[in-house]
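Engineer: The file below is query-v5.txt, compact mmCIF, C-alpha atoms and all ligand atoms:
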# COMPACT_ATOMS: atom_id res chain seq x y z
CA MET A 272 0.00 0.00 0.00
CA SER A 273 1.39 3.38 -0.93
CA ILE A 274 0.42 6.56 0.89
CA THR A 275 1.53 9.89 -0.53
CA ILE A 276 3.01 12.10 2.15
CA PRO A 277 2.15 15.73 1.45
CA LYS A 278 4.49 18.65 2.16
CA SER A 279 2.30 19.96 4.97
CA ALA A 280 -0.38 18.66 7.33
CA ARG A 281 -3.00 20.32 9.53
CA ALA A 282 -2.23 20.13 13.23
CA LEU A 283 -3.24 21.62 16.59
CA LEU A 284 -0.05 23.42 17.57
CA VAL A 285 0.48 24.61 21.15
CA SER A 286 2.95 27.47 21.61
CA GLU A 287 3.92 29.86 24.38
CA ALA A 288 4.46 33.61 24.19
CA ASP A 289 4.92 35.99 27.14
CA GLY A 290 4.06 33.19 29.55
CA LYS A 291 0.71 32.58 27.82
CA ILE A 292 -0.31 29.33 26.14
CA ARG A 293 -1.86 29.56 22.71
CA SER A 294 -3.23 26.70 20.63
CA GLU A 295 -4.28 26.97 17.00
CA VAL A 296 -4.84 24.80 13.97
CA VAL A 297 -1.94 25.39 11.54
CA ASP A 298 -0.40 23.88 8.43
CA ARG A 299 2.82 22.26 9.62
CA ALA A 300 5.57 20.96 7.33
CA VAL A 301 5.44 17.16 7.63
CA ALA A 302 9.25 17.11 7.58
CA GLU A 303 9.16 19.13 10.82
CA ILE A 304 6.62 16.92 12.60
CA GLY A 305 8.05 14.72 15.33
CA GLY A 306 11.64 15.44 14.42
CA GLY A 307 14.66 14.96 16.62
CA PRO A 308 17.55 12.56 17.17
CA GLU A 309 15.37 9.82 18.67
CA LEU A 310 13.71 9.43 15.28
CA GLU A 311 16.47 7.91 13.18
CA ASN A 312 14.22 4.85 13.07
CA GLY A 313 11.03 6.88 12.99
CA VAL A 314 7.75 5.76 11.50
CA VAL A 315 5.42 8.17 9.68
CA ILE A 316 1.74 7.47 10.36
CA LYS A 317 -1.19 8.95 8.44
CA THR A 318 -3.53 9.70 11.33
CA ALA A 319 -7.09 8.45 10.88
CA PHE A 320 -8.40 9.23 14.37
CA SER A 321 -7.21 10.86 17.58
CA SER A 322 -9.18 11.66 20.72
CA ILE A 323 -9.56 14.35 23.36
CA ASN A 324 -8.38 13.45 26.82
CA TYR A 325 -8.35 15.63 29.95
CA LYS A 326 -4.60 16.08 29.55
CA ASP A 327 -5.08 17.45 26.03
CA MET A 328 -7.43 20.07 27.45
CA LEU A 329 -4.83 20.99 30.09
CA ALA A 330 -2.11 21.19 27.40
CA ALA A 331 -4.12 23.22 24.90
CA THR A 332 -5.55 25.70 27.40
CA GLY A 333 -2.51 26.05 29.64
CA GLY A 334 -4.54 24.63 32.53
CA GLY A 335 -1.61 22.41 33.46
CA LYS A 336 2.09 22.26 32.66
CA ILE A 337 1.90 19.41 30.15
CA MET A 338 4.19 20.37 27.27
CA ALA A 339 7.88 19.84 27.88
CA ARG A 340 8.77 22.23 25.04
CA PHE A 341 7.12 24.70 22.65
CA PRO A 342 5.82 24.64 20.04
CA THR A 343 4.47 21.07 20.19
CA ILE A 344 1.53 19.45 18.44
CA ALA A 345 -1.06 18.35 21.01
CA GLY A 346 -2.68 14.94 21.29
CA ILE A 347 -1.66 12.16 23.67
CA ASP A 348 -3.02 9.45 21.36
CA GLY A 349 -3.59 8.71 17.71
CA ALA A 350 -4.34 5.80 15.38
CA GLY A 351 -3.79 5.40 11.68
CA VAL A 352 -1.91 3.72 8.87
CA VAL A 353 1.88 3.53 8.45
CA ALA A 354 2.89 5.73 5.50
CA GLU A 355 6.68 5.35 5.70
CA SER A 356 8.88 3.29 7.98
CA ASN A 357 12.59 3.04 8.74
CA ASP A 358 11.79 0.40 11.35
CA SER A 359 11.73 -3.19 10.10
CA ARG A 360 8.84 -4.06 12.45
CA PHE A 361 6.43 -1.82 10.52
CA LYS A 362 5.61 -1.42 6.85
CA PRO A 363 3.39 0.94 4.86
CA GLY A 364 -0.26 -0.02 5.19
CA ASP A 365 0.00 -1.42 8.75
CA GLU A 366 -2.78 -0.23 11.05
CA VAL A 367 -1.30 1.02 14.32
CA LEU A 368 -1.97 3.15 17.39
CA VAL A 369 0.18 5.21 19.72
CA ASN A 370 -0.67 6.50 23.19
CA GLY A 371 1.38 7.96 26.02
CA CYS A 372 5.18 7.63 25.83
CA GLY A 373 5.45 11.44 25.71
CA LEU A 374 3.18 11.90 22.66
CA GLY A 375 1.59 15.36 22.83
CA GLU A 376 3.85 16.28 25.78
CA ARG A 377 7.54 16.16 24.89
CA HIS A 378 6.94 14.96 21.32
CA ASP A 379 4.51 16.09 18.57
CA GLY A 380 1.19 14.37 19.18
CA GLY A 381 -1.81 12.79 17.52
CA LEU A 382 -3.88 15.91 16.80
CA ALA A 383 -2.36 16.17 13.33
CA GLU A 384 -2.95 14.62 9.94
CA PHE A 385 0.47 12.93 10.19
CA MET A 386 2.54 11.70 13.15
CA ARG A 387 6.20 10.68 13.21
CA VAL A 388 7.17 8.49 16.17
CA PRO A 389 9.81 5.96 17.21
CA GLY A 390 8.82 2.36 16.41
CA ASP A 391 9.23 1.47 20.09
CA TRP A 392 6.09 3.49 20.91
CA ILE A 393 3.84 1.82 18.34
CA VAL A 394 1.19 -0.78 19.16
CA PRO A 395 -0.11 -2.79 16.19
CA LEU A 396 -3.89 -2.32 16.10
CA PRO A 397 -5.19 -5.21 18.23
CA GLU A 398 -7.38 -7.74 16.45
CA GLY A 399 -11.03 -7.03 17.23
CA LEU A 400 -10.74 -3.22 17.21
CA SER A 401 -11.15 -0.82 14.30
CA LEU A 402 -9.02 2.33 14.14
CA GLN A 403 -12.11 4.36 15.11
CA GLN A 404 -12.87 2.11 18.10
CA SER A 405 -9.26 2.27 19.26
CA MET A 406 -9.55 6.06 19.62
CA ALA A 407 -13.11 5.95 20.99
CA ILE A 408 -11.35 4.01 23.75
CA GLY A 409 -8.13 6.05 23.48
CA THR A 410 -5.96 6.95 26.44
CA ALA A 411 -9.02 7.23 28.70
CA GLY A 412 -10.09 3.64 28.02
CA PHE A 413 -6.49 2.41 28.01
CA SER A 414 -6.07 3.85 31.52
CA ALA A 415 -9.32 2.23 32.67
CA GLY A 416 -8.07 -1.07 31.22
CA LEU A 417 -4.69 -0.68 32.91
CA ALA A 418 -6.45 -0.02 36.23
CA ILE A 419 -8.54 -3.18 35.76
CA THR A 420 -5.43 -5.24 34.97
CA ARG A 421 -3.67 -3.90 38.06
CA MET A 422 -6.75 -4.46 40.25
CA LEU A 423 -7.19 -8.05 39.00
CA GLU A 424 -3.55 -8.69 39.92
CA ASN A 425 -4.22 -7.25 43.38
CA GLY A 426 -7.30 -9.00 44.69
CA LEU A 427 -10.25 -7.74 42.60
CA GLU A 428 -12.89 -10.50 42.52
CA LYS A 429 -16.47 -10.47 41.26
CA ASP A 430 -17.89 -12.21 44.32
CA ASN A 431 -16.43 -9.65 46.73
CA GLY A 432 -18.98 -6.89 46.08
CA PRO A 433 -19.38 -3.71 44.03
CA VAL A 434 -16.63 -1.74 42.30
CA ALA A 435 -16.86 2.07 42.59
CA VAL A 436 -16.02 4.40 39.68
CA THR A 437 -15.77 8.18 40.24
CA GLY A 438 -15.88 10.94 37.62
CA ALA A 439 -18.30 8.41 36.21
CA THR A 440 -19.64 10.35 33.22
CA GLY A 441 -16.16 11.35 31.97
CA GLY A 442 -14.10 9.43 29.42
CA VAL A 443 -12.20 7.23 31.87
CA GLY A 444 -15.28 6.76 34.05
CA SER A 445 -17.60 5.81 31.18
CA LEU A 446 -15.18 3.24 29.79
CA ALA A 447 -14.31 1.82 33.22
CA ILE A 448 -18.03 1.26 33.88
CA ASP A 449 -18.61 -0.23 30.44
CA MET A 450 -15.64 -2.63 30.70
CA LEU A 451 -16.27 -3.71 34.31
CA ALA A 452 -20.00 -4.26 33.71
CA SER A 453 -19.29 -6.18 30.49
CA MET A 454 -16.92 -8.39 32.51
CA GLY A 455 -19.70 -9.16 34.99
CA PHE A 456 -18.72 -6.84 37.86
CA GLU A 457 -21.34 -4.95 39.86
CA VAL A 458 -20.48 -1.28 39.31
CA HIS A 459 -21.45 1.70 41.47
CA ALA A 460 -21.05 4.93 39.50
CA ILE A 461 -20.26 8.06 41.54
CA THR A 462 -21.01 11.29 39.70
CA SER A 463 -21.67 15.00 40.22
CA LYS A 464 -24.32 15.08 37.50
CA GLN A 465 -27.86 14.82 38.91
CA ASP A 466 -29.35 13.88 35.54
CA SER A 467 -26.90 11.18 34.48
CA ALA A 468 -28.55 8.03 35.91
CA GLY A 469 -30.04 6.99 32.54
CA TYR A 470 -26.67 7.32 30.78
CA LEU A 471 -24.70 5.53 33.50
CA LYS A 472 -27.19 2.68 33.91
CA GLY A 473 -27.19 2.34 30.13
CA LEU A 474 -23.43 1.67 30.34
CA GLY A 475 -24.04 -1.07 32.92
CA ALA A 476 -23.84 0.67 36.33
CA SER A 477 -26.16 -1.01 38.80
CA GLU A 478 -26.18 1.97 41.19
CA VAL A 479 -25.67 5.68 40.56
CA ILE A 480 -24.58 7.74 43.57
CA ILE A 481 -24.52 11.55 43.49
CA ARG A 482 -21.18 12.54 45.01
CA SER A 483 -22.59 15.45 47.00
CA SER A 484 -24.88 12.98 48.83
CA ILE A 485 -21.83 11.34 50.44
CA ASP A 486 -20.23 12.94 53.49
CA MET A 487 -16.60 12.60 52.41
CA GLN A 488 -15.25 15.19 54.79
CA GLY A 489 -15.95 13.12 57.90
CA GLY A 490 -12.67 12.51 59.69
CA SER A 491 -13.26 8.80 60.25
CA PRO A 492 -10.07 6.83 59.54
CA LEU A 493 -12.18 3.86 58.41
CA GLU A 494 -15.60 4.04 56.75
CA LYS A 495 -17.99 1.12 56.36
CA ALA A 496 -16.14 -1.39 54.15
CA ARG A 497 -18.35 -1.53 51.07
CA PHE A 498 -16.28 -1.72 47.86
CA ALA A 499 -14.41 -4.68 46.38
CA GLY A 500 -12.44 -2.25 44.27
CA ALA A 501 -12.47 1.34 43.07
CA ILE A 502 -11.27 3.47 40.17
CA ASP A 503 -10.80 7.13 41.06
CA ASN A 504 -10.54 10.04 38.63
CA LEU A 505 -10.81 12.92 41.09
CA GLY A 506 -8.15 12.70 43.84
CA GLY A 507 -8.40 14.48 47.21
CA GLN A 508 -11.33 13.76 49.53
CA THR A 509 -12.96 11.41 47.04
CA LEU A 510 -9.90 9.18 46.78
CA SER A 511 -9.40 9.29 50.53
CA TRP A 512 -13.03 8.24 51.08
CA LEU A 513 -12.69 5.37 48.59
CA ILE A 514 -9.55 4.10 50.35
CA ARG A 515 -11.37 4.26 53.70
CA SER A 516 -14.40 2.46 52.19
CA ALA A 517 -12.55 -0.45 50.58
CA LYS A 518 -13.07 -3.98 51.88
CA PRO A 519 -10.10 -5.90 53.37
CA PHE A 520 -7.37 -6.70 50.86
CA CYS A 521 -9.18 -4.91 48.05
CA PRO A 522 -7.56 -2.59 45.49
CA VAL A 523 -8.14 1.11 44.78
CA ALA A 524 -6.71 2.52 41.54
CA SER A 525 -5.77 6.20 41.32
CA ILE A 526 -6.03 7.49 37.76
CA GLY A 527 -6.93 11.16 37.86
CA LEU A 528 -6.90 14.58 39.47
CA ALA A 529 -10.03 16.17 38.01
CA ALA A 530 -10.84 17.64 41.47
CA THR A 531 -7.32 18.05 42.91
CA PRO A 532 -3.85 16.51 42.74
CA LYS A 533 -3.68 16.40 46.55
CA LEU A 534 -4.26 13.41 48.79
CA ASP A 535 -4.45 13.57 52.58
CA THR A 536 -5.59 10.37 54.20
CA PHE A 537 -5.11 7.83 57.01
CA VAL A 538 -2.85 4.80 56.97
CA PHE A 539 -5.42 2.61 58.78
CA PRO A 540 -7.01 1.22 55.58
CA PHE A 541 -3.55 0.00 54.56
CA ILE A 542 -2.31 -1.36 57.89
CA LEU A 543 -5.61 -2.66 59.32
CA ARG A 544 -7.51 -3.70 56.18
CA GLY A 545 -4.63 -4.46 53.81
CA VAL A 546 -6.09 -2.18 51.14
CA SER A 547 -3.84 -1.65 48.09
CA LEU A 548 -3.52 1.77 46.46
CA LEU A 549 -2.48 1.23 42.85
CA GLY A 550 -0.99 3.79 40.49
CA VAL A 551 -1.96 4.04 36.84
CA SER A 552 0.33 5.81 34.35
CA SER A 553 -0.68 5.66 30.72
CA THR A 554 2.35 7.79 29.80
CA ASN A 555 5.02 5.63 31.36
CA CYS A 556 3.43 2.19 31.11
CA PRO A 557 6.13 -0.27 29.90
CA MET A 558 5.53 -1.60 26.37
CA PRO A 559 4.86 -5.29 27.30
CA LEU A 560 2.17 -4.20 29.79
CA ARG A 561 0.87 -1.62 27.27
CA GLN A 562 0.45 -4.28 24.56
CA LYS A 563 -1.10 -6.74 27.04
CA THR A 564 -3.57 -4.07 28.20
CA TRP A 565 -4.60 -3.17 24.63
CA ASN A 566 -5.08 -6.87 23.84
CA ASN A 567 -7.24 -7.26 26.98
CA ILE A 568 -9.29 -4.22 25.95
CA ALA A 569 -9.84 -5.76 22.50
CA GLY A 570 -10.67 -9.09 24.14
CA ASP A 571 -11.90 -9.92 27.65
CA TYR A 572 -12.47 -6.27 28.71
CA LYS A 573 -14.02 -5.13 25.45
CA PRO A 574 -16.45 -2.24 26.01
CA THR A 575 -19.86 -2.81 24.49
CA HIS A 576 -21.26 0.74 24.42
CA LEU A 577 -19.01 2.56 21.96
CA GLY A 578 -22.04 3.96 20.15
CA LYS A 579 -23.41 7.47 19.92
CA SER A 580 -24.51 7.82 23.54
CA MET A 581 -20.87 7.58 24.68
CA VAL A 582 -18.83 8.75 21.70
CA ARG A 583 -19.11 11.94 19.64
CA THR A 584 -16.99 12.72 16.58
CA VAL A 585 -15.50 16.14 15.83
CA THR A 586 -12.91 17.70 13.54
CA LEU A 587 -9.77 19.66 14.44
CA ASP A 588 -11.73 22.90 13.98
CA GLN A 589 -14.28 22.06 16.67
CA LEU A 590 -11.97 21.56 19.64
CA ASP A 591 -12.48 24.88 21.48
CA ALA A 592 -16.01 23.88 22.52
CA VAL A 593 -14.80 20.45 23.65
CA PHE A 594 -11.99 21.94 25.77
CA SER A 595 -14.40 24.44 27.30
CA ALA A 596 -16.92 21.73 28.32
CA MET A 597 -14.11 19.62 29.74
CA GLN A 598 -12.75 22.56 31.77
CA LYS A 599 -16.18 22.98 33.34
CA GLY A 600 -16.54 19.24 34.14
CA ARG A 601 -19.51 19.11 31.77
CA ILE A 602 -18.16 16.50 29.41
CA VAL A 603 -20.00 13.19 29.07
CA GLY A 604 -18.27 10.23 27.47
CA ARG A 605 -15.60 10.40 24.78
CA THR A 606 -14.67 12.72 21.94
CA VAL A 607 -13.04 11.26 18.84
CA VAL A 608 -11.27 13.51 16.33
CA LYS A 609 -11.62 12.30 12.77
CA PHE A 610 -9.11 13.20 10.02
N1 LIG B 701 -3.12 8.35 35.04
C1 LIG B 701 -3.26 8.41 33.71
O1 LIG B 701 -2.47 7.90 32.95
C2 LIG B 701 -4.47 9.11 33.17
C3 LIG B 701 -4.95 8.79 31.90
C4 LIG B 701 -6.15 9.41 31.47
C5 LIG B 701 -6.77 10.34 32.29
N2 LIG B 701 -6.22 10.65 33.50
C6 LIG B 701 -6.88 11.59 34.39
O2 LIG B 701 -8.13 11.04 34.75
C7 LIG B 701 -9.07 12.09 34.98
C8 LIG B 701 -10.29 11.85 34.13
O3 LIG B 701 -9.93 11.94 32.76
P1 LIG B 701 -11.07 11.92 31.66
O4 LIG B 701 -10.39 11.83 30.34
O5 LIG B 701 -12.09 10.93 32.02
O6 LIG B 701 -11.67 13.42 31.85
P2 LIG B 701 -13.13 13.93 31.53
O7 LIG B 701 -13.67 13.17 30.36
O8 LIG B 701 -13.03 15.40 31.46
O9 LIG B 701 -13.98 13.49 32.79
C9 LIG B 701 -13.70 13.95 34.08
C10 LIG B 701 -14.95 13.77 34.93
O10 LIG B 701 -14.59 14.06 36.27
C11 LIG B 701 -15.65 14.79 36.91
N3 LIG B 701 -15.11 16.13 37.23
C12 LIG B 701 -14.58 17.02 36.39
N4 LIG B 701 -14.16 18.12 37.03
C13 LIG B 701 -14.40 17.91 38.32
C14 LIG B 701 -14.17 18.66 39.51
N5 LIG B 701 -13.60 19.87 39.47
N6 LIG B 701 -14.55 18.13 40.68
C15 LIG B 701 -15.12 16.93 40.73
N7 LIG B 701 -15.37 16.15 39.63
C16 LIG B 701 -15.01 16.64 38.45
C17 LIG B 701 -16.81 14.83 35.93
O11 LIG B 701 -17.52 13.59 36.09
P3 LIG B 701 -18.89 13.49 36.98
O12 LIG B 701 -19.64 14.75 36.73
O13 LIG B 701 -19.55 12.27 36.46
O14 LIG B 701 -18.45 13.35 38.41
C18 LIG B 701 -16.08 14.73 34.60
O15 LIG B 701 -16.93 14.27 33.58
C19 LIG B 701 -8.33 13.39 34.65
O16 LIG B 701 -7.84 13.95 35.84
C20 LIG B 701 -7.18 12.93 33.78
O17 LIG B 701 -6.09 13.80 33.84
C21 LIG B 701 -5.08 10.07 33.94
Show this structure as structure tokens.

Structural biologist:
Amino acid sequence: MSITIPKSARALLVSEADGKIRSEVVDRAVAEIGGGPELENGVVIKTAFSSINYKDMLAATGGGKIMARFPTIAGIDGAGVVAESNDSRFKPGDEVLVNGCGLGERHDGGLAEFMRVPGDWIVPLPEGLSLQQSMAIGTAGFSAGLAITRMLENGLEKDNGPVAVTGATGGVGSLAIDMLASMGFEVHAITSKQDSAGYLKGLGASEVIIRSSIDMQGGSPLEKARFAGAIDNLGGQTLSWLIRSAKPFCPVASIGLAATPKLDTFVFPFILRGVSLLGVSSTNCPMPLRQKTWNNIAGDYKPTHLGKSMVRTVTLDQLDAVFSAMQKGRIVGRTVVKF
């Protein structure tokens, strides 16, 4: 298969001037995309789909210090077809995806018509997923899958009781609920959105709990042990409450900081109940675990609700509205960018 590589490609470029972050869609010379010494064995990918993750919003709006250098093309994931390869593991026409590894942070990312990345970062598209599905899942779903893998390795069992998911209507939350429910777990969705019960139950949640109805500020070192596992996207009091509410020898996975990056809690859940607090890093996940997680997502964990209620499709020119909704915590589900 031969793909013509044009001289320039459209891309969401993030730059900095006078301490202010600016992001705009530009025409970027393909020869300049993803350059640098690490790319002697680089692979050029014609991007078919990317997606919008919370970190992309932080990078593009300056809401967090995400970019290691400027200017950099945003986008922490992307999927497409190999157009040119100096790496013997990949040939033109191969369908592949990339997520994490510094993409859209210290290296030009997936929000561009073409990417150029080292072969070591590339995951062949797992059997059972289309390119579109792989980005409907994207880094959000990958992180949910990685949390599930880590929890299964650390005591998560179906017969132990419900699994809690916070930030439930967001990208990570929606996919975590979908995957866990599809695997047969009882899922309790914890959300701030009063009107989201229909959506969350449609994904497979058996209970929907409005976060403000829980007294998380109580200073009790141990709450009633009610969860067999938990996936947290918020941090702070919510994560502390989940840790204090986990059953003995059950795992809690920390994925996000949508509320705060801080955590102040008690050690009693760890030293009296044997609770495990597990970290999830989609950026720095080692490649064997990354490939295994993607294969699990395409197989045993496969989400079953990647339709229109969870996933919307936009173009590069429509991202301002997506970033704005995400900043306000109003986003529901996933946003795929189609090229
Ligand atoms: N560790 C990793 O590798 C990794 C990978 C991907 C994402 N993340 C992190 O995981 C988190 C979720 O990512 P996402 O892609 O799912 O984002 P998202 O789609 O924007 O969803 C975040 C959800 O969190 C809740 N929320 C947002 N702002 C909040 C606030 N100020 N206080 C309380 N709740 C708030 C909302 O859900 P409800 O209204 O339903 O509560 C929102 O829909 C982010 O912090 C992101 O940076 C980490």

Engineer: Which residues are close to region 456-469 of chain A, i.e. within 8 Å by all atoms listed in the file, leaving aside same-chain residues fewer than 5 positions away? Reply as an MDAnalysis selection string.

Structural biologist: chainID A and resid 429 432:440 448 451 475:483

Engineer: Just give me the residues with any atom within 12 Å of (-6.6, -7.6, 29.1), file coordinates, counting all atoms listed in the file, written as an NGL selection string.

Structural biologist: :A and (397 or 412-424 or 450-451 or 454 or 559-574)

Engineer: Using all atoms listed in the file for the distances, tell me which of A:Val394, A:Leu587, A:Leu505, A:Val546 is nearest to ligand LIG 701 (chain B).

Structural biologist: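 With all atoms listed in the file as the atom set, the closest residue is A:Leu505.
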
Engineer: Find the residues around Gly426 (chain A) up to 8 Å (all atoms listed in the file counted), leave out those fewer than 6 positions away in its own chain, and share them as a list in words.

Structural biologist: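 Returned residues: Phe520, Cys521 and Pro522 of chain A.
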
Engineer: Could you give me, as CSV, every chain A residue with an atom at most 6 Å from ligand LIG 701 (chain B), plus its closest atom pair and distance in Å to one decimal, counting all atoms listed in the file, rows ordered by chain then number?

Structural biologist:
residue,atom,partner,partner_atom,distance
A:Asn324,CA,B:LIG701,O4,4.4
A:Tyr325,CA,B:LIG701,O4,4.3
A:Lys326,CA,B:LIG701,O17,5.1
A:Thr410,CA,B:LIG701,C4,5.6
A:Ala411,CA,B:LIG701,C4,4.5
A:Ser414,CA,B:LIG701,C3,5.1
A:Gly438,CA,B:LIG701,O11,3.5
A:Ala439,CA,B:LIG701,O13,4.1
A:Thr440,CA,B:LIG701,O13,3.8
A:Gly441,CA,B:LIG701,O9,3.2
A:Gly442,CA,B:LIG701,O5,3.6
A:Val443,CA,B:LIG701,O5,3.7
A:Gly444,CA,B:LIG701,O5,5.6
A:Thr462,CA,B:LIG701,O14,3.5
A:Ser463,CA,B:LIG701,O12,4.0
A:Lys464,CA,B:LIG701,O12,4.8
A:Asn504,CA,B:LIG701,C7,4.4
A:Leu505,CA,B:LIG701,N7,5.8
A:Ile526,CA,B:LIG701,N1,4.1
A:Gly527,CA,B:LIG701,O2,3.3
A:Leu528,CA,B:LIG701,O16,3.8
A:Ala529,CA,B:LIG701,O16,3.8
A:Ala530,CA,B:LIG701,N6,3.8
A:Val551,CA,B:LIG701,N1,4.8
A:Ser552,CA,B:LIG701,O1,3.8
A:Ser553,CA,B:LIG701,O1,3.6
A:Thr554,CA,B:LIG701,O1,5.8
A:Met597,CA,B:LIG701,O8,4.7
A:Gly600,CA,B:LIG701,C12,3.7
A:Arg601,CA,B:LIG701,O15,5.8
A:Ile602,CA,B:LIG701,O15,4.9
A:Val603,CA,B:LIG701,O15,5.6

Engineer: Excluding same-chain residues fewer than 6 positions from Gln404 (chain A), what lies within 12 Å of it counting all atoms listed in the file, as number ranges by chain?

Structural biologist: A: 319-322, 349-351, 368, 396-398, 410, 412-413, 446, 565, 568-569, 573-579, 581-584, 605-609

Engineer: Report the distance between CA of Ile292 (chain A) and CA of Ile408 (chain A) in Å, rounded to one decimal place.

Structural biologist: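 One can read the CA of Ile292 (chain A) to CA of Ile408 (chain A) distance as 27.7 Å.
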
Engineer: Between CA of Ser453 (chain A) and CA of Tyr470 (chain A), what is the spacing in Å?

Structural biologist: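 Distance between the two atoms: 15.4 Å.
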
Engineer: Identify which of the residues A:Ile502, A:Leu590, A:Leu284, A:Val388 lies closest to Arg299 (chain A), counting only C-alpha atoms when measuring atom-to-atom distances.

Structural biologist: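 Closest residue, counting only C-alpha atoms: A:Leu284.
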